[in-house]
Protein chains: 2
Amino acid sequence: MRNKPVLHTVLSPKLLDLYDVKDTVVVIIDVFRATSTIATALYNGAARVIPVDSVDKCIEIGKNTGGITAGERDGKVIPGLAYGNSPAEYPRSFIEGKTLVLTTTNGTKLLHMALNNGASEVVTGSFPNLSSVCDHLLAQEKNVILGCSAWKDRFNLEDALFAGAVIEKVKEHFTIHCDSSLMAADMYALHKNNMSGFIRQTTHWHRLASYGLEKDLEYCISIDLANVLPRYRNGDLIV
Amino acid sequence: MRNKPVLHTVLSPKLLDLYDVKDTVVVIIDVFRATSTIATALYNGAARVIPVDSVDKCIEIGKNTGGITAGERDGKVIPGLAYGNSPAEYPRSFIEGKTLVLTTTNGTKLLHMALNNGASEVVTGSFPNLSSVCDHLLAQEKNVILGCSAWKDRFNLEDALFAGAVIEKVKEHFTIHCDSSLMAADMYALHKNNMSGFIRQTTHWHRLASYGLEKDLEYCISIDLANVLPRYRNGDLIV
């Protein structure tokens, strides 16, 4: 019998160095809202999404590519950029065939760390593309790291809940000796039938809902509404 | 109305720098087994426990103080030291009035970080002294950090479960906007009536049980069997 590949969950970018990333498929998770928006833009036909970690880079790459620049701070579009971080801003009628240059601090940081540490592949995960992520992990039969982007390196629940949702679907096919994974799976099992109620208790919900983003957040915890697999290739996320 | 003090849970020493430790009471948690053994030795009348992070220091301080040197690696007493890390090794008939110099890597590291970052007080917590910890936090009315020692900086469930047990008892008296605390409280509520069964799923249990330490571990998840409050003062833990 073949050994099953190994799956770990990493709860913060600050903890990534404790794990062996080499030759691993890393799933970048940033539920509120970067990876939900990435899945949505690509599902709606965007040619590619370029994730960047600073406003200056966003403006520069926007100029060079003719792409749409996007980024928010405190719930408002950042001066100098054109659009925000909401998945609702990227319907097919607007984004199809275009390049989206998206400013995302937590998720982009983790993505670059994963690449620098030798990940064999980086994909992005969110509830709107849950099934695509799981199908891919099952098909690859490689070691997996579910990487939570967290909030300024602090643990957050929404990313852990997504990790738990993935684990629920794939666990029979992986060796999982990892307390973070055990916790994530438990938390998802505990709350999956009342995500909309539970998520309102989290710190990130409070922060973002105070900017009037409740509808966005509801979308970001909805499963398979933008069911594609964003893969990282030479600076771009594409499907 | 006075504002309630703030409580945070920190899931790994690597994440401590993200929190404001200054003027805070920090509870060092290392359930398997350092803080359980510390509570037990002091409950049984040890004069003091000196936590050290290396074998060399343990031997040196043991010589200087005439204390009992203790430390394990892979479930066996470390060569050069006299005793192990098991709370069962420190009954009153043996430890009363003596100094215990205890080698503990994860917990001692976190303790020194907390002191260096300006904690106003450092105490140690474990299930055997749960009530003493909670009573103290309620009496102090200061900001609190529940600091999980983790395992080589990786998140572990037993420390998070203890944080959850504390939060369950004190939450009405603190402001808690912290996903780590929310998670810890949920995990404890979910498993508190079957701790003995659930804890057998954790990675640390598997590691330690493979050394024949099951009875030790059962003790370490038992509540209030050594109900004293170890406080750090000038290098010593005393009650």
# chains A, B, ... in the order shown; residues from 1 in each chain; ligands from 1
>>> residues_around(residues="region 169-176 of chain A", least_positions_apart="2", cutoff="8 Å", atoms="only C-alpha atoms", output="ChimeraX atom specification")
/A:4-8,134,137-138,165-167,178,181
>>> closest_atom_pairs(of="chain B", to="chain A", cutoff="10 Å", atoms="only C-alpha atoms", output="Markdown table")
| residue | atom | partner | partner_atom | distance |
| --- | --- | --- | --- | --- |
| B:Thr9 | CA | A:Phe155 | CA | 10.0 |
| B:Val10 | CA | A:Arg154 | CA | 8.8 |
| B:Leu11 | CA | A:Phe155 | CA | 8.1 |
| B:Ser12 | CA | A:Leu15 | CA | 8.6 |
| B:Lys14 | CA | A:Lys14 | CA | 6.9 |
| B:Leu15 | CA | A:Lys14 | CA | 7.2 |
| B:Leu16 | CA | A:Arg154 | CA | 9.6 |
| B:Leu18 | CA | A:Arg154 | CA | 7.1 |
| B:Tyr19 | CA | A:Arg154 | CA | 9.0 |
| B:Lys152 | CA | A:Leu18 | CA | 8.2 |
| B:Asp153 | CA | A:Leu18 | CA | 7.5 |
| B:Arg154 | CA | A:Leu18 | CA | 7.1 |
| B:Phe155 | CA | A:Ser180 | CA | 6.3 |
| B:Asn156 | CA | A:Asp179 | CA | 5.5 |
| B:Leu157 | CA | A:Asp179 | CA | 5.8 |
| B:Glu158 | CA | A:Asp179 | CA | 9.2 |
| B:Ala160 | CA | A:Met183 | CA | 9.7 |
| B:Ile176 | CA | A:Thr203 | CA | 9.6 |
| B:His177 | CA | A:Thr203 | CA | 6.0 |
| B:Cys178 | CA | A:Thr203 | CA | 6.3 |
| B:Asp179 | CA | A:Asn156 | CA | 5.5 |
| B:Ser180 | CA | A:Phe155 | CA | 6.3 |
| B:Ser181 | CA | A:Phe155 | CA | 10.0 |
| B:Leu182 | CA | A:Thr202 | CA | 7.9 |
| B:Met183 | CA | A:Leu157 | CA | 7.4 |
| B:Ala184 | CA | A:Met183 | CA | 9.3 |
| B:Asp186 | CA | A:Met187 | CA | 7.7 |
| B:Met187 | CA | A:Met187 | CA | 7.5 |
| B:Leu190 | CA | A:Leu190 | CA | 8.3 |
| B:Gln201 | CA | A:Leu182 | CA | 8.3 |
| B:Thr202 | CA | A:Asp179 | CA | 6.0 |
| B:Thr203 | CA | A:His177 | CA | 6.0 |
| B:His204 | CA | A:Asp179 | CA | 8.6 |
| B:His206 | CA | A:His177 | CA | 9.3 |
>>> select_by_dssp(residues="region 14-122 of chain B", states="strand (DSSP E)", output="VMD selection string")
chain B and resid 25 to 29 48 to 52 68 to 70 72 to 73 76 to 77 99 to 103 121 to 122
>>> write_last_selection(atoms="N, CA and C atoms", output="mmCIF file, in the first residue's frame")
data_model
loop_
_atom_site.group_PDB
_atom_site.id
_atom_site.type_symbol
_atom_site.label_atom_id
_atom_site.label_comp_id
_atom_site.auth_asym_id
_atom_site.auth_seq_id
_atom_site.Cartn_x
_atom_site.Cartn_y
_atom_site.Cartn_z
ATOM 1 N N VAL B 25 -0.524 40.591 32.865
ATOM 2 C CA VAL B 25 -0.265 39.323 33.548
ATOM 3 C C VAL B 25 -0.188 38.236 32.479
ATOM 4 N N VAL B 26 0.944 37.566 32.381
ATOM 5 C CA VAL B 26 1.111 36.510 31.384
ATOM 6 C C VAL B 26 1.044 35.146 32.078
ATOM 7 N N VAL B 27 0.155 34.307 31.587
ATOM 8 C CA VAL B 27 0.045 32.937 32.091
ATOM 9 C C VAL B 27 0.785 32.021 31.122
ATOM 10 N N ILE B 28 1.869 31.413 31.587
ATOM 11 C CA ILE B 28 2.632 30.480 30.761
ATOM 12 C C ILE B 28 1.956 29.114 30.848
ATOM 13 N N ILE B 29 1.624 28.554 29.688
ATOM 14 C CA ILE B 29 0.884 27.287 29.629
ATOM 15 C C ILE B 29 1.726 26.247 28.899
ATOM 16 N N ARG B 48 10.985 25.977 45.847
ATOM 17 C CA ARG B 48 10.939 26.763 44.607
ATOM 18 C C ARG B 48 11.236 25.854 43.427
ATOM 19 N N VAL B 49 10.798 26.284 42.248
ATOM 20 C CA VAL B 49 11.178 25.615 41.006
ATOM 21 C C VAL B 49 11.925 26.639 40.160
ATOM 22 N N ILE B 50 13.104 26.259 39.708
ATOM 23 C CA ILE B 50 13.875 27.149 38.824
ATOM 24 C C ILE B 50 13.780 26.598 37.403
ATOM 25 N N PRO B 51 13.051 27.313 36.515
ATOM 26 C CA PRO B 51 12.927 26.827 35.137
ATOM 27 C C PRO B 51 14.136 27.247 34.319
ATOM 28 N N VAL B 52 14.733 26.312 33.610
ATOM 29 C CA VAL B 52 15.902 26.625 32.771
ATOM 30 C C VAL B 52 15.686 26.025 31.381
ATOM 31 N N ILE B 68 17.549 19.803 42.988
ATOM 32 C CA ILE B 68 17.354 18.569 42.227
ATOM 33 C C ILE B 68 17.290 18.906 40.750
ATOM 34 N N THR B 69 18.159 18.306 39.965
ATOM 35 C CA THR B 69 18.150 18.587 38.524
ATOM 36 C C THR B 69 17.198 17.645 37.816
ATOM 37 N N ALA B 70 16.440 18.198 36.868
ATOM 38 C CA ALA B 70 15.425 17.390 36.190
ATOM 39 C C ALA B 70 15.277 17.789 34.733
ATOM 40 N N GLU B 72 13.987 15.727 30.657
ATOM 41 C CA GLU B 72 13.855 14.524 29.838
ATOM 42 C C GLU B 72 14.103 14.842 28.382
ATOM 43 N N ARG B 73 14.511 13.841 27.686
ATOM 44 C CA ARG B 73 14.520 13.913 26.230
ATOM 45 C C ARG B 73 14.018 12.567 25.724
ATOM 46 N N LYS B 76 13.113 9.956 28.403
ATOM 47 C CA LYS B 76 14.118 9.419 29.341
ATOM 48 C C LYS B 76 14.834 10.569 30.038
ATOM 49 N N VAL B 77 15.283 10.337 31.293
ATOM 50 C CA VAL B 77 16.052 11.355 32.017
ATOM 51 C C VAL B 77 17.314 11.679 31.219
ATOM 52 N N THR B 99 14.655 22.509 46.341
ATOM 53 C CA THR B 99 14.675 23.292 45.104
ATOM 54 C C THR B 99 14.690 22.339 43.915
ATOM 55 N N LEU B 100 13.776 22.571 42.972
ATOM 56 C CA LEU B 100 13.752 21.760 41.746
ATOM 57 C C LEU B 100 14.237 22.624 40.580
ATOM 58 N N VAL B 101 15.294 22.169 39.914
ATOM 59 C CA VAL B 101 15.800 22.883 38.730
ATOM 60 C C VAL B 101 15.318 22.101 37.506
ATOM 61 N N LEU B 102 14.342 22.676 36.805
ATOM 62 C CA LEU B 102 13.604 21.926 35.780
ATOM 63 C C LEU B 102 13.954 22.410 34.368
ATOM 64 N N THR B 103 14.438 21.503 33.564
ATOM 65 C CA THR B 103 14.736 21.833 32.168
ATOM 66 C C THR B 103 13.450 21.750 31.348
ATOM 67 N N GLU B 121 3.675 40.624 35.432
ATOM 68 C CA GLU B 121 3.719 39.432 36.274
ATOM 69 C C GLU B 121 3.664 38.194 35.374
ATOM 70 N N VAL B 122 4.390 37.172 35.765
ATOM 71 C CA VAL B 122 4.331 35.905 35.049
ATOM 72 C C VAL B 122 3.947 34.811 36.035
#
>>> atom_distance(atom1="CA of Tyr83 (chain A)", atom2="CA of Gly45 (chain A)")
17.2 Å
>>> residues_around(residues="Asn129 (chain A)", least_positions_apart="3", cutoff="8 Å", atoms="only C-alpha atoms", output="VMD selection string")
chain A and resid 36 39 125 to 126 132 to 133 223 to 229
>>> closest_residue(among="B:Asn3, B:Ser86, B:Asn106, B:Asn44", to="Cys220 (chain B)", atoms="only C-alpha atoms")
B:Ser86
>>> residues_around(residues="Asp56 (chain A)", least_positions_apart="5", cutoff="10 Å", atoms="only C-alpha atoms", output="list in words")
Ile61, Gly62, Gly80, Leu81 and Thr103 of chain A
>>> select_by_dssp(residues="region 20-228 of chain B", states="alpha helix (DSSP H)", output="PyMOL selection string")
chain B and resi 34-43+55-65+92-95+105-116+130-140+157-170+179-191+195-198+203-209+214-220
